[in-house]
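Data file: target-v6.cif. Format and content: mmCIF, C-alpha atoms.
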data_entry
#
loop_
_atom_site.label_atom_id
_atom_site.label_comp_id
_atom_site.auth_asym_id
_atom_site.auth_seq_id
_atom_site.Cartn_x
_atom_site.Cartn_y
_atom_site.Cartn_z
CA MET K 22 -18.97 105.62 -56.23
CA THR K 23 -18.77 108.79 -54.12
CA ALA K 24 -21.93 109.73 -52.26
CA SER K 25 -21.36 113.48 -52.41
CA ALA K 26 -19.02 115.65 -54.40
CA PRO K 27 -16.28 117.45 -52.44
CA GLY K 28 -16.21 121.22 -52.33
CA PRO K 29 -13.91 123.32 -54.51
CA GLY K 30 -11.31 123.65 -51.81
CA SER K 31 -11.36 120.02 -50.77
CA ALA K 32 -8.34 118.33 -52.35
CA ALA K 33 -7.84 115.51 -49.86
CA PRO K 34 -10.45 113.10 -51.25
CA GLU K 35 -9.10 113.57 -54.78
CA THR K 36 -5.54 112.88 -53.61
CA LYS K 37 -6.70 109.76 -51.81
CA HIS K 38 -8.49 108.53 -54.92
CA ARG K 39 -5.46 109.32 -57.08
CA TRP K 40 -3.15 107.13 -55.00
CA ARG K 41 -5.60 104.29 -54.50
CA LEU K 42 -4.68 101.19 -56.47
CA SER K 43 -7.43 99.72 -58.64
CA LEU K 44 -8.39 96.10 -58.13
CA ASN K 45 -6.79 95.17 -61.45
CA ARG K 46 -3.46 96.60 -60.30
CA GLN K 47 -3.76 94.92 -56.92
CA ILE K 48 -4.34 91.60 -58.69
CA LEU K 49 -1.31 92.13 -60.93
CA ILE K 50 0.81 92.95 -57.87
CA GLY K 51 -0.48 89.81 -56.16
CA LEU K 52 0.38 87.83 -59.28
CA LEU K 53 3.90 89.26 -59.29
CA PHE K 54 4.60 88.58 -55.62
CA GLY K 55 3.03 85.13 -55.82
CA GLY K 56 5.14 84.27 -58.84
CA LEU K 57 8.32 85.43 -57.14
CA LEU K 58 7.47 83.48 -53.98
CA GLY K 59 6.79 80.30 -55.97
CA TRP K 60 10.06 80.69 -57.87
CA LEU K 61 12.35 81.70 -54.98
CA GLU K 62 10.75 79.81 -52.06
CA PRO K 63 8.69 76.91 -53.44
CA THR K 64 8.42 75.23 -50.02
CA TRP K 65 6.84 78.29 -48.44
CA ALA K 66 4.76 78.95 -51.55
CA VAL K 67 3.00 75.60 -51.31
CA LYS K 68 1.97 76.43 -47.74
CA THR K 69 -0.12 79.39 -48.98
CA ALA K 70 -2.59 76.99 -50.59
CA PHE K 71 -5.13 77.69 -47.83
CA LEU K 72 -5.52 81.30 -49.06
CA ARG K 73 -6.27 80.07 -52.56
CA ASP K 74 -8.74 77.51 -51.20
CA ILE K 75 -10.59 80.13 -49.11
CA PHE K 76 -10.99 82.37 -52.13
CA VAL K 77 -12.17 79.53 -54.41
CA ASN K 78 -14.59 78.28 -51.74
CA LEU K 79 -16.15 81.74 -51.44
CA ILE K 80 -16.65 81.82 -55.19
CA LYS K 81 -18.24 78.36 -55.04
CA ALA K 82 -20.68 79.64 -52.43
CA LEU K 83 -21.90 82.23 -54.95
CA VAL K 84 -22.63 79.78 -57.75
CA ALA K 85 -26.12 78.44 -57.08
CA PRO K 86 -27.92 81.61 -55.88
CA LEU K 87 -26.26 83.86 -58.48
CA ILE K 88 -26.86 81.59 -61.48
CA PHE K 89 -30.43 80.76 -60.48
CA SER K 90 -31.53 84.30 -59.64
CA SER K 91 -29.85 85.95 -62.66
CA VAL K 92 -31.25 83.42 -65.15
CA VAL K 93 -34.79 83.69 -63.72
CA ALA K 94 -34.61 87.49 -63.68
CA GLY K 95 -33.23 87.55 -67.23
CA ILE K 96 -36.01 85.34 -68.58
CA ALA K 97 -38.63 87.36 -66.71
CA ARG K 98 -37.27 90.55 -68.26
CA GLY K 99 -37.28 88.81 -71.62
CA GLY K 100 -40.95 88.10 -71.12
CA ASP K 101 -41.51 91.83 -70.71
CA ALA K 102 -39.41 92.43 -73.81
CA ARG K 103 -41.83 90.35 -75.85
CA LYS K 104 -44.44 93.04 -75.31
CA VAL K 105 -42.28 95.32 -77.40
CA GLY K 106 -43.19 92.99 -80.25
CA ARG K 107 -41.10 92.70 -83.37
CA LEU K 108 -38.20 94.73 -81.93
CA GLY K 109 -37.81 92.42 -78.93
CA LEU K 110 -38.01 89.27 -81.05
CA LYS K 111 -35.41 90.49 -83.54
CA SER K 112 -33.10 91.53 -80.73
CA ILE K 113 -33.25 88.11 -79.06
CA VAL K 114 -32.69 86.32 -82.38
CA TYR K 115 -29.63 88.44 -83.08
CA PHE K 116 -28.30 88.04 -79.52
CA GLU K 117 -28.45 84.25 -79.68
CA ALA K 118 -26.89 84.14 -83.15
CA ALA K 119 -23.98 86.35 -82.07
CA THR K 120 -23.47 84.43 -78.82
CA THR K 121 -23.43 81.12 -80.70
CA LEU K 122 -20.84 82.48 -83.13
CA ALA K 123 -18.70 83.64 -80.19
CA LEU K 124 -18.83 80.18 -78.61
CA ILE K 125 -17.94 78.44 -81.87
CA VAL K 126 -14.97 80.76 -82.52
CA GLY K 127 -13.73 80.31 -78.95
CA LEU K 128 -13.95 76.52 -79.12
CA VAL K 129 -12.21 76.37 -82.50
CA VAL K 130 -9.32 78.61 -81.43
CA VAL K 131 -8.71 76.89 -78.09
CA ASN K 132 -8.75 73.47 -79.76
CA VAL K 133 -6.30 74.59 -82.44
CA VAL K 134 -3.88 76.41 -80.13
CA GLN K 135 -4.37 74.06 -77.13
CA PRO K 136 -2.88 76.39 -74.48
CA GLY K 137 -3.61 73.91 -71.67
CA ARG K 138 -1.96 70.92 -73.31
CA GLY K 139 0.96 69.72 -71.21
CA LEU K 140 0.02 71.83 -68.18
CA ALA K 141 -0.13 69.41 -65.26
CA ILE K 142 -2.70 70.13 -62.58
CA PRO K 143 -1.41 68.59 -59.30
CA GLN K 144 -2.74 65.06 -58.97
CA THR K 145 -3.89 65.65 -55.39
CA VAL K 146 -6.13 68.46 -56.56
CA ALA K 147 -7.37 66.73 -59.70
CA ALA K 148 -8.25 63.60 -57.74
CA GLY K 149 -10.01 65.58 -55.04
CA ALA K 150 -12.00 67.81 -57.36
CA ALA K 151 -15.66 67.97 -56.42
CA LEU K 152 -17.79 66.15 -58.95
CA PRO K 153 -21.55 66.02 -59.25
CA PRO K 154 -22.92 62.83 -57.70
CA ASN K 155 -23.14 60.09 -60.32
CA PRO K 156 -21.88 62.26 -63.20
CA PRO K 157 -23.61 61.39 -66.50
CA GLY K 158 -21.85 59.36 -69.15
CA THR K 159 -24.00 58.90 -72.25
CA LEU K 160 -26.09 61.54 -74.01
CA VAL K 161 -29.31 60.07 -72.62
CA GLU K 162 -27.87 60.08 -69.09
CA THR K 163 -26.83 63.71 -69.57
CA VAL K 164 -30.36 64.71 -70.60
CA VAL K 165 -31.89 62.86 -67.63
CA HIS K 166 -29.29 64.36 -65.29
CA ALA K 167 -30.30 67.86 -66.43
CA PHE K 168 -33.78 67.36 -64.91
CA PRO K 169 -33.14 66.65 -61.22
CA SER K 170 -35.65 65.07 -58.88
CA ASN K 171 -34.45 67.19 -55.97
CA ILE K 172 -34.32 70.96 -56.42
CA VAL K 173 -32.56 71.55 -53.11
CA GLY K 174 -30.00 68.86 -53.92
CA ALA K 175 -29.15 70.42 -57.28
CA LEU K 176 -28.69 73.84 -55.67
CA ALA K 177 -26.65 72.39 -52.80
CA ASN K 178 -24.33 70.49 -55.15
CA GLY K 179 -23.76 73.53 -57.36
CA ASP K 180 -24.39 71.36 -60.42
CA VAL K 181 -24.73 74.02 -63.10
CA LEU K 182 -26.75 72.20 -65.78
CA PRO K 183 -29.68 71.18 -63.52
CA ILE K 184 -29.63 74.64 -61.94
CA VAL K 185 -29.92 76.23 -65.37
CA ILE K 186 -32.77 73.93 -66.43
CA LEU K 187 -34.64 74.63 -63.19
CA ALA K 188 -34.06 78.36 -63.55
CA VAL K 189 -35.30 78.37 -67.15
CA LEU K 190 -38.47 76.45 -66.27
CA PHE K 191 -39.06 78.60 -63.20
CA GLY K 192 -38.50 81.78 -65.21
CA LEU K 193 -41.00 80.66 -67.85
CA ALA K 194 -43.51 79.93 -65.08
CA VAL K 195 -42.97 83.42 -63.66
CA VAL K 196 -43.63 84.94 -67.10
CA ALA K 197 -46.75 82.80 -67.52
CA ALA K 198 -48.03 83.95 -64.13
CA GLY K 199 -48.28 87.51 -65.41
CA GLU K 200 -49.00 90.14 -62.77
CA ARG K 201 -48.85 87.60 -59.94
CA GLY K 202 -45.34 86.72 -61.01
CA ARG K 203 -44.04 90.28 -60.71
CA PRO K 204 -43.17 89.97 -56.97
CA VAL K 205 -41.15 86.85 -57.76
CA THR K 206 -39.35 88.68 -60.56
CA ALA K 207 -38.57 91.55 -58.20
CA LEU K 208 -37.31 89.09 -55.58
CA CYS K 209 -35.02 87.32 -58.06
CA GLU K 210 -33.70 90.66 -59.34
CA ALA K 211 -33.04 91.73 -55.75
CA VAL K 212 -31.27 88.44 -54.95
CA ALA K 213 -29.20 88.73 -58.13
CA HIS K 214 -28.28 92.31 -57.22
CA VAL K 215 -27.25 91.28 -53.70
CA MET K 216 -25.23 88.35 -55.06
CA PHE K 217 -23.42 90.69 -57.45
CA LYS K 218 -22.56 92.89 -54.47
CA PHE K 219 -21.43 89.78 -52.60
CA THR K 220 -19.28 88.88 -55.60
CA ASP K 221 -17.80 92.35 -55.55
CA LEU K 222 -16.86 91.91 -51.88
CA VAL K 223 -15.32 88.49 -52.52
CA MET K 224 -13.31 89.88 -55.43
CA HIS K 225 -11.54 92.22 -53.02
CA LEU K 226 -9.81 89.07 -51.78
CA ALA K 227 -8.66 88.31 -55.32
CA PRO K 228 -5.12 89.72 -54.88
CA LEU K 229 -4.50 87.25 -52.02
CA GLY K 230 -6.24 84.40 -53.79
CA VAL K 231 -4.44 85.04 -57.06
CA GLY K 232 -1.07 85.46 -55.40
CA ALA K 233 -1.47 82.23 -53.45
CA ALA K 234 -2.76 80.34 -56.50
CA ILE K 235 0.15 81.31 -58.71
CA ALA K 236 2.65 80.78 -55.86
CA VAL K 237 1.39 77.24 -55.21
CA THR K 238 1.31 76.41 -58.91
CA ILE K 239 4.82 77.69 -59.64
CA GLY K 240 6.11 76.17 -56.41
CA ARG K 241 4.87 72.76 -57.53
CA GLN K 242 5.43 72.95 -61.29
CA GLY K 243 8.06 75.60 -61.89
CA ALA K 244 7.99 78.84 -63.89
CA GLY K 245 7.15 76.99 -67.12
CA ILE K 246 3.45 77.47 -66.35
CA LEU K 247 3.75 81.15 -67.28
CA GLY K 248 4.18 80.11 -70.91
CA HIS K 249 0.82 78.31 -70.80
CA LEU K 250 -0.86 81.35 -69.27
CA ALA K 251 0.65 83.66 -71.91
CA LEU K 252 -0.64 81.27 -74.58
CA LEU K 253 -4.09 81.35 -72.97
CA VAL K 254 -4.20 85.16 -73.01
CA GLY K 255 -2.97 85.20 -76.61
CA SER K 256 -5.58 82.63 -77.63
CA LEU K 257 -8.36 84.73 -76.15
CA TYR K 258 -7.22 87.92 -77.89
CA VAL K 259 -6.85 86.11 -81.22
CA ALA K 260 -10.30 84.53 -80.83
CA LEU K 261 -11.89 87.90 -79.98
CA ILE K 262 -10.29 89.55 -83.02
CA ILE K 263 -11.48 86.72 -85.29
CA PHE K 264 -14.96 86.93 -83.79
CA LEU K 265 -15.23 90.69 -84.33
CA GLY K 266 -13.93 90.29 -87.88
CA LEU K 267 -16.54 87.65 -88.69
CA LEU K 268 -19.35 89.56 -86.98
CA LEU K 269 -18.56 92.89 -88.64
CA GLY K 270 -17.93 91.20 -91.98
CA ALA K 271 -21.29 89.42 -91.86
CA ALA K 272 -23.06 92.68 -90.93
CA ARG K 273 -21.27 94.46 -93.78
CA TYR K 274 -22.15 91.78 -96.32
CA ILE K 275 -25.75 91.11 -95.25
CA LEU K 276 -26.91 94.54 -94.04
CA ASN K 277 -24.40 96.87 -95.74
CA LEU K 278 -23.11 98.07 -92.37
CA PRO K 279 -21.00 101.25 -92.65
CA ILE K 280 -17.90 99.70 -91.08
CA ARG K 281 -15.70 102.82 -91.10
CA GLU K 282 -18.33 105.06 -89.54
CA PHE K 283 -19.25 102.42 -86.98
CA ALA K 284 -15.60 101.91 -85.96
CA ARG K 285 -15.13 105.65 -85.45
CA ALA K 286 -18.31 105.92 -83.41
CA VAL K 287 -17.60 102.93 -81.16
CA ARG K 288 -13.96 103.68 -80.35
CA ALA K 289 -14.76 105.90 -77.33
CA PRO K 290 -16.99 103.39 -75.47
CA PHE K 291 -14.56 100.62 -76.48
CA ALA K 292 -11.61 102.48 -74.94
CA LEU K 293 -13.58 103.28 -71.79
CA ALA K 294 -14.64 99.65 -71.31
CA PHE K 295 -11.10 98.41 -71.95
CA ALA K 296 -9.60 100.84 -69.43
CA THR K 297 -12.16 100.23 -66.66
CA SER K 298 -13.02 96.55 -67.29
CA SER K 299 -16.65 97.58 -66.75
CA SER K 300 -19.41 97.42 -69.34
CA GLU K 301 -21.68 99.61 -67.23
CA SER K 302 -19.22 102.50 -67.19
CA ALA K 303 -19.36 102.59 -71.00
CA LEU K 304 -23.16 102.28 -71.27
CA PRO K 305 -24.09 105.99 -71.46
CA LYS K 306 -21.36 106.79 -73.98
CA ALA K 307 -22.25 103.71 -76.06
CA MET K 308 -25.91 104.71 -76.29
CA GLU K 309 -25.00 108.31 -77.13
CA ALA K 310 -22.54 107.20 -79.81
CA MET K 311 -25.05 104.91 -81.51
CA VAL K 312 -27.76 107.59 -81.55
CA ASP K 313 -25.25 110.00 -83.08
CA LEU K 314 -24.41 107.35 -85.67
CA GLY K 315 -28.02 107.02 -86.77
CA VAL K 316 -29.76 104.49 -84.51
CA PRO K 317 -33.16 105.84 -83.37
CA PRO K 318 -33.20 106.54 -79.62
CA HIS K 319 -36.02 104.08 -78.93
CA VAL K 320 -33.98 101.28 -80.54
CA ALA K 321 -30.72 102.16 -78.77
CA ASP K 322 -32.51 102.59 -75.42
CA PHE K 323 -33.99 99.09 -75.72
CA VAL K 324 -31.35 97.00 -77.50
CA ILE K 325 -28.15 98.10 -75.73
CA PRO K 326 -29.35 97.74 -72.10
CA THR K 327 -31.08 94.44 -72.97
CA GLY K 328 -27.84 93.24 -74.55
CA TYR K 329 -26.10 93.68 -71.20
CA SER K 330 -28.00 90.60 -70.05
CA PHE K 331 -28.45 88.65 -73.29
CA ASN K 332 -25.53 89.56 -75.57
CA LEU K 333 -22.24 89.15 -73.68
CA ASP K 334 -20.20 88.01 -76.66
CA GLY K 335 -16.76 88.62 -75.17
CA SER K 336 -17.61 86.98 -71.84
CA THR K 337 -19.20 83.98 -73.53
CA LEU K 338 -16.18 83.47 -75.78
CA TYR K 339 -13.91 83.72 -72.74
CA LEU K 340 -15.93 81.07 -70.90
CA ALA K 341 -15.54 78.65 -73.82
CA VAL K 342 -11.78 79.22 -74.07
CA ALA K 343 -11.16 79.07 -70.31
CA SER K 344 -13.30 75.94 -69.76
CA VAL K 345 -11.56 73.96 -72.48
CA PHE K 346 -8.18 75.24 -71.23
CA VAL K 347 -8.96 73.68 -67.83
CA ALA K 348 -10.12 70.47 -69.54
CA GLN K 349 -6.88 70.26 -71.55
CA ALA K 350 -4.81 70.74 -68.40
CA ALA K 351 -6.88 68.13 -66.55
CA GLU K 352 -6.21 65.58 -69.33
CA THR K 353 -2.49 65.92 -68.65
CA THR K 354 -3.06 64.47 -65.17
CA GLY K 355 -5.19 61.58 -66.39
CA ALA K 356 -8.69 63.05 -66.68
CA ALA K 357 -10.98 61.79 -69.43
CA HIS K 358 -10.74 63.39 -72.86
CA PHE K 359 -13.03 66.42 -73.22
CA GLY K 360 -14.28 65.52 -76.68
CA LEU K 361 -16.73 66.92 -79.19
CA ARG K 362 -19.85 65.72 -77.38
CA GLN K 363 -18.79 67.37 -74.12
CA GLN K 364 -17.87 70.58 -75.94
CA LEU K 365 -21.24 70.73 -77.72
CA LEU K 366 -22.94 70.27 -74.36
CA LEU K 367 -20.67 73.01 -72.99
CA LEU K 368 -21.74 75.30 -75.85
CA THR K 369 -25.42 74.68 -75.11
CA THR K 370 -24.93 75.25 -71.38
CA LEU K 371 -23.01 78.49 -71.85
CA LEU K 372 -25.71 79.89 -74.12
CA VAL K 373 -27.79 80.19 -70.95
CA THR K 374 -25.31 80.51 -68.06
CA SER K 375 -23.44 83.40 -69.70
CA LYS K 376 -26.46 85.68 -69.43
CA GLY K 377 -26.41 88.52 -66.93
CA VAL K 378 -22.78 88.36 -65.72
CA ALA K 379 -21.71 91.85 -66.78
CA ALA K 380 -22.86 93.77 -63.72
CA VAL K 381 -19.63 93.26 -61.74
CA PRO K 382 -16.08 93.01 -63.11
CA ARG K 383 -14.83 89.40 -62.93
CA ALA K 384 -18.27 88.09 -61.88
CA VAL K 385 -17.88 85.87 -64.95
CA LEU K 386 -15.43 83.84 -62.83
CA VAL K 387 -18.44 82.59 -60.87
CA THR K 388 -19.98 81.24 -64.06
CA LEU K 389 -16.63 79.75 -65.09
CA LEU K 390 -16.25 77.94 -61.79
CA ALA K 391 -19.85 76.69 -61.98
CA THR K 392 -19.27 75.40 -65.51
CA VAL K 393 -15.99 73.71 -64.63
CA HIS K 394 -17.56 72.09 -61.59
CA GLY K 395 -20.63 70.98 -63.54
CA PHE K 396 -18.46 69.16 -66.08
CA GLY K 397 -16.38 67.43 -63.42
CA LEU K 398 -13.20 69.45 -64.00
CA PRO K 399 -10.84 70.50 -61.17
CA ALA K 400 -11.35 73.92 -59.60
CA GLU K 401 -7.56 74.25 -59.44
CA GLY K 402 -7.65 75.09 -63.14
CA VAL K 403 -9.76 78.17 -62.41
CA ALA K 404 -7.35 79.16 -59.63
CA ILE K 405 -4.52 79.06 -62.18
CA ILE K 406 -6.46 81.31 -64.58
CA LEU K 407 -7.09 83.86 -61.84
CA GLY K 408 -3.54 85.10 -62.23
CA VAL K 409 -4.11 86.52 -65.71
CA ASP K 410 -7.85 87.15 -65.56
CA ALA K 411 -7.40 90.91 -65.26
CA LEU K 412 -5.63 90.98 -68.64
CA MET K 413 -8.44 88.98 -70.23
CA ASP K 414 -11.20 90.93 -68.47
CA MET K 415 -10.29 94.14 -70.29
CA ALA K 416 -10.56 92.45 -73.69
CA ARG K 417 -13.77 90.53 -73.10
CA THR K 418 -15.52 93.55 -71.54
CA SER K 419 -14.67 95.85 -74.45
CA VAL K 420 -15.91 93.23 -76.92
CA ASN K 421 -19.16 93.01 -74.94
CA VAL K 422 -19.64 96.75 -75.49
CA VAL K 423 -18.82 96.61 -79.21
CA GLY K 424 -21.17 93.66 -79.64
CA ASN K 425 -24.06 95.52 -78.04
CA CYS K 426 -23.39 98.66 -80.08
CA LEU K 427 -23.39 96.56 -83.24
CA ALA K 428 -26.60 94.86 -82.13
CA SER K 429 -28.39 98.21 -81.98
CA VAL K 430 -27.26 99.07 -85.52
CA VAL K 431 -28.21 95.64 -86.88
CA VAL K 432 -31.68 95.73 -85.31
CA ALA K 433 -32.22 99.30 -86.52
CA LYS K 434 -31.26 98.34 -90.09
CA TRP K 435 -33.38 95.20 -89.82
CA GLU K 436 -36.31 97.41 -88.83
CA GLY K 437 -35.51 99.81 -91.68
CA VAL K 438 -35.12 102.81 -89.37
CA PHE K 439 -31.33 103.31 -89.43
CA LYS K 440 -30.25 106.60 -91.01
CA LEU K 441 -26.52 107.27 -91.07
CA ARG K 442 -25.64 110.69 -89.68
CA ARG K 443 -22.45 112.58 -90.46
CA THR K 444 -22.09 114.02 -86.99
CA PRO K 445 -18.83 114.51 -85.06
CA VAL K 446 -17.63 111.37 -83.31
CA LEU K 447 -17.54 111.38 -79.50
CA PRO K 448 -14.05 112.10 -78.13
CA LEU K 449 -11.96 109.40 -76.54
CA PRO K 450 -12.02 109.37 -72.71
CA GLU K 451 -9.21 111.20 -70.94
#
Rewrite the structure of this file - the entire thing - as structure tokens.
Amino acid sequence: MTASAPGPGSAAPETKHRWRLSLNRQILIGLLFGGLLGWLEPTWAVKTAFLRDIFVNLIKALVAPLIFSSVVAGIARGGDARKVGRLGLKSIVYFEAATTLALIVGLVVVNVVQPGRGLAIPQTVAAGAALPPNPPGTLVETVVHAFPSNIVGALANGDVLPIVILAVLFGLAVVAAGERGRPVTALCEAVAHVMFKFTDLVMHLAPLGVGAAIAVTIGRQGAGILGHLALLVGSLYVALIIFLGLLLGAARYILNLPIREFARAVRAPFALAFATSSSESALPKAMEAMVDLGVPPHVADFVIPTGYSFNLDGSTLYLAVASVFVAQAAETTGAAHFGLRQQLLLLTTLLVTSKGVAAVPRAVLVTLLATVHGFGLPAEGVAIILGVDALMDMARTSVNVVGNCLASVVVAKWEGVFKLRRTPVLPLPE
């Protein structure tokens, strides 16, 4: 973001910006060069593993502080939202219902398509994957494991489920503390903001990390892995389309949602989010479009920004698909079967850990790595996904925006204050 606008005669900054490659394009270039290196020089490609490991280790370092601070801050903000009364309660109910539907659709599609089946994660990596100490086996052990006796230990191990439970309890305590809890809320919001900036800095290393990851993988396994990655991307897009179809169909059937008018109104923020891979860049246009459609300003101003923390449908669906993809690949190298019980636990975990990851493009990778680590799956699987994450980021981000726009309409109709307006639709971005 430029600090000051250049003068009329200043063309140099604009030229510099024009020729600057976006991070998405840098990642795609890194993917291309890494793939070529792995294919043409597999021996040299394997030696670049240290670049991949540095990048993954930096992401691991983000897990505990980012998850803890963002969950606490989100719950604290939710406590403030309760003061809004009926509007806040209805918003939260809708957010959780939509997020649950997204998780279910993602799990069904990835289990049917099975994009990770037959993809061998190198045995050296799978065997050396960091697992939580004494990983739980039975359901009772899992529940006990979620409530750690050592807060510092849970944070140090990066074990996502105990971190989430601690963050939820701590967030509820902050809300219960009232005015005295406000400094803690501000601190957690500040830490979350700093960690998002830290994530943004780390993601500038993504082209190197992605290139090395794909080079090592192709160098060890051959170019056949690209078919699995293409199947993964296709599975995500299919799942997102199914999810939007079900969500819009339910809204049409239950609340008589004007589908055609809504689609025309949401196309501009959808296109902007898809092109930039940033939900925040589409926020002003999304709010303007929904007000023009007929959502009262006070509803749009509350529901859409709140949804950016609580209603990340596309990101949540992606997390479900990507996590099970890694589990399927891990099974090929002898890992335990990731069955229904583990997937239900995954669904419950992601209902909380997916909150508040829209502030920085690809920050959802931090949550993915935390989830994979928490379920004892190899981090190498996430490194493999990095190569095509830019393609999936565009889709999941745009679905996040559509989901939040729809949420504002649903809540407005639920409140009985939605009045469809026949105003001109906002133009598509240039």
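Evaluating the PyMOL selection byres ((chain K and resi 291) around 8) against the shown model yields K:Val287, K:Arg288, K:Ala289, K:Pro290, K:Ala292, K:Leu293, K:Ala294, K:Phe295, K:Ala303, K:Ser419, K:Val420, K:Val422, K:Val423.
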| request: Measuring atom to atom with only C-alpha atoms, identify which of K:Asn332, K:Thr374, K:Pro136, K:Leu412 is nearest to Phe116 in chain K. | output: K:Asn332
| query | Could you list as a ChimeraX atom specification every residue that has an atom within 12 Å of (-15.9, 75.2, -63.3), using the file's coordinates and counting only C-alpha atoms? | reply | /K:77,80-81,84,150-153,179-182,340-341,343-348,351,367,371,374,385-404,406
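The smallest atom-to-atom distance between Glu282 in chain K and any of K:Phe217, K:Leu441, K:Gly199, K:Ala119, using only C-alpha atoms, is found for K:Leu441.
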| Selected by the PyMOL selection byres ((chain K and resi 216) around 12) in the shown coordinates: which residues, as number ranges by chain? | K: 79-80, 82-91, 209-215, 217-223, 377-378, 380-381, 384, 387
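Among the candidate residues K:Met415, K:Ala97, K:Leu261, K:Ala321, the one lying nearest to Glu200 in chain K is K:Ala97, with distances computed using all atoms listed in the file.
With only C-alpha atoms as the atoms that count, the minimum distance from Ala350 in chain K to the choices K:Pro317, K:Pro279, K:Gly328, K:Gly139 is reached by K:Gly139.
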| message | Here's the selection I'm unsure about, the PyMOL selection byres ((chain K and resi 131) around 10); applied to the file above, which residues does it give, as number ranges by chain? | response | K: 126-130, 132-137, 252-253, 256-257, 259-260, 341-346, 349
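From CA of Val316 in chain K back to CA of Asn277 in chain K, the distance works out to 14.6 Å.
Going from CA of Leu122 in chain K to CA of Gly424 in chain K covers 11.7 Å.
Residues in contact range of Ile246 in chain K, defined as at most 10 Å between only C-alpha atoms, with sequence neighbours fewer than 5 positions away removed, read Gly137, Gly139, Leu140, Ala141, Ile235, Thr238, Ile239, Ala251, Leu252 and Ile405 of chain K.
CA of Ala310 in chain K is found 20.5 Å from CA of Phe331 in chain K.
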What are the closest atom pairs, with distances in Å to one decimal, for each residue of range 198-239 of chain K lying within 9 Å of range 46-53 of chain K, using all atoms listed in the file, rows by chain and rising residue number, as CSV?
residue,atom,partner,partner_atom,distance
K:Ala227,CA,K:Ile48,CA,6.4
K:Pro228,CA,K:Ile48,CA,4.3
K:Leu229,CA,K:Gly51,CA,6.3
K:Gly230,CA,K:Gly51,CA,8.3
K:Val231,CA,K:Leu52,CA,6.0
K:Gly232,CA,K:Gly51,CA,4.5
K:Ala233,CA,K:Gly51,CA,8.1
K:Ala234,CA,K:Leu52,CA,8.6
K:Ile235,CA,K:Leu52,CA,6.5
K:Ala236,CA,K:Leu52,CA,8.2
| query | Nearest to Gly266 in chain K: which of K:Val324, K:Val312, K:Leu193, K:Ala123 is it, counting all atoms listed in the file? | reply | K:Ala123
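Distances here use all atoms listed in the file; by that measure, the residue among K:Leu269, K:Ile262, K:Ala433, K:Leu333 closest to Glu117 in chain K is K:Leu333.
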